$ cat model_17.txt   # compact mmCIF, C-alpha atoms and all ligand atoms
# COMPACT_ATOMS: atom_id res chain seq x y z
CA MET D 13 0.00 0.00 0.00
CA ALA D 14 1.11 3.53 -0.52
CA THR D 15 2.48 4.86 2.70
CA GLY D 16 4.80 7.55 1.46
CA ALA D 17 2.74 10.07 3.35
CA TYR D 18 3.15 8.34 6.68
CA THR D 19 3.79 10.75 9.53
CA PRO D 20 5.95 9.26 12.31
CA LYS D 21 4.65 9.45 15.87
CA GLU D 22 6.88 10.51 18.70
CA LYS D 23 5.33 8.04 21.16
CA TRP D 24 6.37 5.06 19.05
CA MET D 25 9.98 6.13 18.76
CA LYS D 26 9.99 6.80 22.49
CA ALA D 27 8.77 3.23 22.99
CA ALA D 28 11.64 2.00 20.80
CA ILE D 29 14.08 4.08 22.89
CA SER D 30 12.62 2.48 26.01
CA ALA D 31 13.19 -0.96 24.47
CA GLY D 32 16.78 0.10 23.82
CA ARG D 33 17.16 0.96 27.49
CA ASP D 34 15.82 -2.49 28.37
CA ALA D 35 18.45 -4.03 26.09
CA GLU D 36 21.16 -2.16 27.96
CA LEU D 37 19.80 -3.40 31.29
CA HIS D 38 20.18 -6.91 29.86
CA GLY D 39 23.84 -6.36 29.05
CA GLU D 40 23.36 -5.36 25.42
CA VAL D 41 24.06 -2.30 23.34
CA PRO D 42 21.00 0.00 23.67
CA ILE D 43 19.14 -0.57 20.41
CA GLY D 44 15.38 -1.02 20.39
CA SER D 45 12.48 -1.27 18.01
CA VAL D 46 8.71 -1.52 17.99
CA LEU D 47 6.20 -2.68 15.41
CA VAL D 48 3.03 -0.67 14.99
CA ALA D 49 0.05 -1.90 12.96
CA ASP D 50 -2.53 0.72 12.03
CA GLU D 51 -1.27 2.83 14.95
CA GLU D 52 -1.51 0.03 17.49
CA LEU D 53 1.59 -1.26 19.26
CA ILE D 54 2.03 -4.91 18.32
CA ALA D 55 5.48 -5.91 19.47
CA THR D 56 8.66 -4.64 21.04
CA GLY D 57 12.17 -5.75 20.14
CA GLU D 58 15.53 -5.32 21.75
CA THR D 59 18.86 -6.43 20.47
CA MET D 60 19.96 -9.79 21.92
CA VAL D 61 23.28 -10.15 20.14
CA ALA D 62 25.31 -10.63 23.32
CA ARG D 63 22.92 -13.37 24.41
CA ARG D 64 21.99 -15.03 21.13
CA GLY D 65 24.52 -14.08 18.49
CA PRO D 66 24.78 -12.13 15.26
CA VAL D 67 21.28 -12.50 13.83
CA ALA D 68 19.52 -11.50 17.06
CA HIS D 69 19.07 -7.83 16.20
CA GLY D 70 16.00 -6.22 17.75
CA GLU D 71 14.07 -6.07 14.47
CA ASN D 72 14.71 -9.75 13.85
CA THR D 73 13.87 -10.94 17.34
CA LEU D 74 10.63 -8.97 17.18
CA LEU D 75 9.66 -10.53 13.84
CA GLU D 76 10.73 -13.99 14.95
CA GLU D 77 8.47 -13.76 17.97
CA LEU D 78 5.51 -12.69 15.86
CA GLY D 79 6.06 -15.46 13.34
CA SER D 80 3.48 -15.75 10.58
CA ARG D 81 1.04 -13.55 12.52
CA VAL D 82 2.84 -10.57 11.01
CA TRP D 83 1.12 -11.21 7.67
CA GLY D 84 -2.33 -10.96 9.25
CA LEU D 85 -1.84 -7.55 10.85
CA PRO D 86 -3.61 -4.40 9.65
CA HIS D 87 -1.69 -1.85 7.63
CA PRO D 88 0.13 0.39 7.58
CA LEU D 89 2.72 -1.78 9.27
CA VAL D 90 5.44 0.47 10.60
CA LEU D 91 8.65 -0.52 12.30
CA TYR D 92 10.41 2.05 14.45
CA SER D 93 14.05 1.48 15.26
CA THR D 94 16.41 3.65 17.26
CA LEU D 95 19.21 2.76 14.84
CA GLU D 96 19.28 2.44 11.06
CA PRO D 97 18.54 -1.22 10.37
CA CYS D 98 21.24 -3.36 8.80
CA MET D 99 20.85 -5.21 5.49
CA MET D 100 19.68 -8.38 7.23
CA CYS D 101 16.92 -6.61 9.14
CA LEU D 102 15.75 -4.60 6.15
CA GLY D 103 15.48 -7.86 4.23
CA ALA D 104 13.41 -9.30 7.07
CA CYS D 105 11.18 -6.20 7.04
CA ILE D 106 10.57 -6.58 3.30
CA ASN D 107 9.73 -10.27 3.74
CA ALA D 108 7.37 -9.41 6.58
CA GLY D 109 5.46 -6.95 4.41
CA ILE D 110 6.32 -3.92 6.51
CA ASP D 111 5.34 -0.70 4.78
CA VAL D 112 7.48 1.88 6.53
CA VAL D 113 10.68 1.76 8.57
CA VAL D 114 11.29 4.82 10.72
CA TYR D 115 14.73 5.08 12.29
CA GLY D 116 16.66 7.54 14.38
CA THR D 117 20.43 7.34 14.21
CA PRO D 118 22.14 6.53 10.92
CA ALA D 119 24.58 3.62 11.24
CA SER D 120 27.77 4.74 9.61
CA THR D 121 29.32 1.31 9.33
CA ASP D 122 26.54 -1.23 8.83
CA GLY D 123 23.50 0.79 7.86
CA GLY D 124 21.48 -1.25 5.41
CA ALA D 125 19.58 1.68 3.99
CA TRP D 126 22.76 3.35 2.94
CA ILE D 127 24.40 0.19 1.59
CA LEU D 128 21.36 -1.01 -0.33
CA ARG D 129 20.31 2.45 -1.50
CA ILE D 130 16.79 1.82 -0.28
CA PRO D 131 14.21 2.96 -1.22
CA GLU D 132 15.62 2.60 -4.73
CA VAL D 133 16.19 -1.13 -4.19
CA SER D 134 12.79 -1.80 -2.67
CA ARG D 135 11.10 -0.37 -5.72
CA LYS D 136 12.79 -3.05 -7.79
CA ILE D 137 11.39 -5.88 -5.67
CA PRO D 138 8.00 -7.05 -7.00
CA GLY D 139 5.38 -5.91 -4.56
CA GLY D 140 8.00 -4.20 -2.46
CA THR D 141 6.77 -0.92 -1.04
CA LEU D 142 9.16 -0.38 1.82
CA THR D 143 9.56 3.29 2.61
CA LEU D 144 12.32 4.58 4.86
CA ILE D 145 12.09 7.64 7.06
CA ASP D 146 15.46 8.47 8.54
CA GLY D 147 16.76 10.71 11.27
CA TYR D 148 13.51 10.73 13.26
CA LEU D 149 14.15 11.99 16.84
CA GLU D 150 17.79 11.42 15.99
CA SER D 151 19.14 13.56 18.81
CA GLU D 152 17.34 11.34 21.33
CA THR D 153 18.30 8.02 19.74
CA THR D 154 21.91 9.16 19.45
CA ALA D 155 21.91 10.32 23.07
CA LEU D 156 20.95 6.76 24.01
CA LEU D 157 24.09 5.45 22.29
CA ARG D 158 26.32 8.19 23.63
CA GLY D 159 25.06 7.49 27.15
CA TYR D 160 26.12 3.89 26.66
CA LEU D 161 29.63 5.04 25.72
CA ASP D 162 29.76 7.10 28.90
CA THR D 163 28.73 4.29 31.23
CA SER D 164 29.58 0.90 29.72
CA SER D 165 32.83 -0.95 30.24
CA ASN D 166 31.96 -3.55 27.61
CA GLU D 167 34.79 -3.26 25.13
CA GLY D 168 33.05 -5.04 22.25
CA GLY D 169 29.88 -3.02 22.70
CA THR D 170 31.57 0.35 23.00
CA THR D 171 33.82 -0.33 19.99
CA TYR D 172 30.74 -1.20 17.95
CA VAL D 173 28.85 1.91 19.05
CA ARG D 174 31.84 4.12 18.30
CA SER D 175 31.99 2.69 14.80
CA LEU D 176 28.28 3.37 14.28
CA LEU D 177 28.71 6.99 15.27
CA SER D 178 31.98 7.53 13.45
CA GLY D 179 30.31 9.28 10.56
CA ASP D 180 29.00 12.14 12.68
ZN ZN D 201 19.97 -5.68 11.88
$ encode --input "model_17.txt" --output "structure tokens"
Amino acid sequence: MATGAYTPKEKWMKAAISAGRDAELHGEVPIGSVLVADEELIATGETMVARRGPVAHGENTLLEELGSRVWGLPHPLVLYSTLEPCMMCLGACINAGIDVVVYGTPASTDGGAWILRIPEVSRKIPGGTLTLIDGYLESETTALLRGYLDTSSNEGGTTYVRSLLSGD
């Protein structure tokens, strides 16, 4: 469906930021996401990479938990993420039929939107209508990551976050 006119809602990104804080409490880098279907909160995701490995990004864990139910949800289906999703997660969003991805902080090193030149790529996928809205509440989502740098002693996590922010 055409969702180019979608207007992001502050409350949903704030919920994603809250999920990112939960991730940090669980020993992860603070990255969070939420899925909203026709303006109703459906699911919350937090990165679980430290616990479950490289594919357990918040967007993926959220979609994995929903399973095939994601295809029965009302549209527009909008995923909010505090960080620009990687290639893997954008692929998962396309497969899930998500209409819009709204993200805060651009990921300088592994940002899928930048690498894949979405939305140009999504237009080439039959039926693909994924729209990206970037930089939404970016100062708040970036503050979440910078706060992690100030307080965490996890070397792997802080090195990763520094690389994400290196393009500032
Ligand atoms: Zn990802």
$ atom_distance --input "model_17.txt" --atom1 "CA of Pro66 in chain D" --atom2 "CA of Ala49 in chain D"
26.9 Å
$ atom_distance --input "model_17.txt" --atom1 "CA of Asn72 in chain D" --atom2 "CA of Asn107 in chain D"
11.3 Å
$ residues_near_ligand --input "model_17.txt" --ligand "ligand ZN 201 (chain D)" --cutoff "6 Å" --atoms "all atoms listed in the file" --output "PDB file with C-alpha atoms, in the frame of the given file"
ATOM      1  CA  HIS D  69      19.070  -7.830  16.200  1.00  0.00           C
ATOM      2  CA  PRO D  97      18.540  -1.220  10.370  1.00  0.00           C
ATOM      3  CA  CYS D  98      21.240  -3.360   8.800  1.00  0.00           C
ATOM      4  CA  MET D 100      19.680  -8.380   7.230  1.00  0.00           C
ATOM      5  CA  CYS D 101      16.920  -6.610   9.140  1.00  0.00           C
TER       6      CYS D 101
END
$ atom_distance --input "model_17.txt" --atom1 "CA of Thr171 in chain D" --atom2 "CA of Met60 in chain D"
16.9 Å
$ residues_around --input "model_17.txt" --residues "Gly39 in chain D" --least-positions-apart "3" --cutoff "10 Å" --atoms "all atoms listed in the file" --output "list in words"
Asp34, Ala35, Glu36, Pro42, Thr59, Met60, Val61, Ala62, Arg63, Ser164, Asn166 and Gly169 of chain D
$ residues_around --input "model_17.txt" --residues "Ala155 in chain D" --least-positions-apart "5" --cutoff "12 Å" --atoms "all atoms listed in the file" --output "JSON, numbers by chain"
{"D": [29, 32, 33, 42, 43, 94, 95, 116, 117, 149, 150, 160, 161, 162, 173, 177]}
$ residues_around --input "model_17.txt" --residues "Lys21 in chain D" --least-positions-apart "3" --cutoff "12 Å" --atoms "all atoms listed in the file" --output "number ranges by chain"
D: 18, 24-28, 46, 48, 50-53, 90-92, 114-115, 145, 148-149
$ axis_aligned_box --input "model_17.txt" --around "range 111-119 of chain D" --padding-each-side "5 Å" --output "AutoDock Vina command-line options"
--center_x 15.0 --center_y 3.4 --center_z 9.6 --size_x 29.2 --size_y 18.2 --size_z 19.6
$ closest_residue --input "model_17.txt" --among "D:Leu74, D:Leu144, D:Ala119, D:Leu89" --to "Leu102 in chain D" --atoms "all atoms listed in the file"
D:Leu144
$ closest_residue --input "model_17.txt" --among "D:Thr56, D:Thr143, D:Thr163, D:Thr19" --to "Glu76 in chain D" --atoms "all atoms listed in the file"
D:Thr56
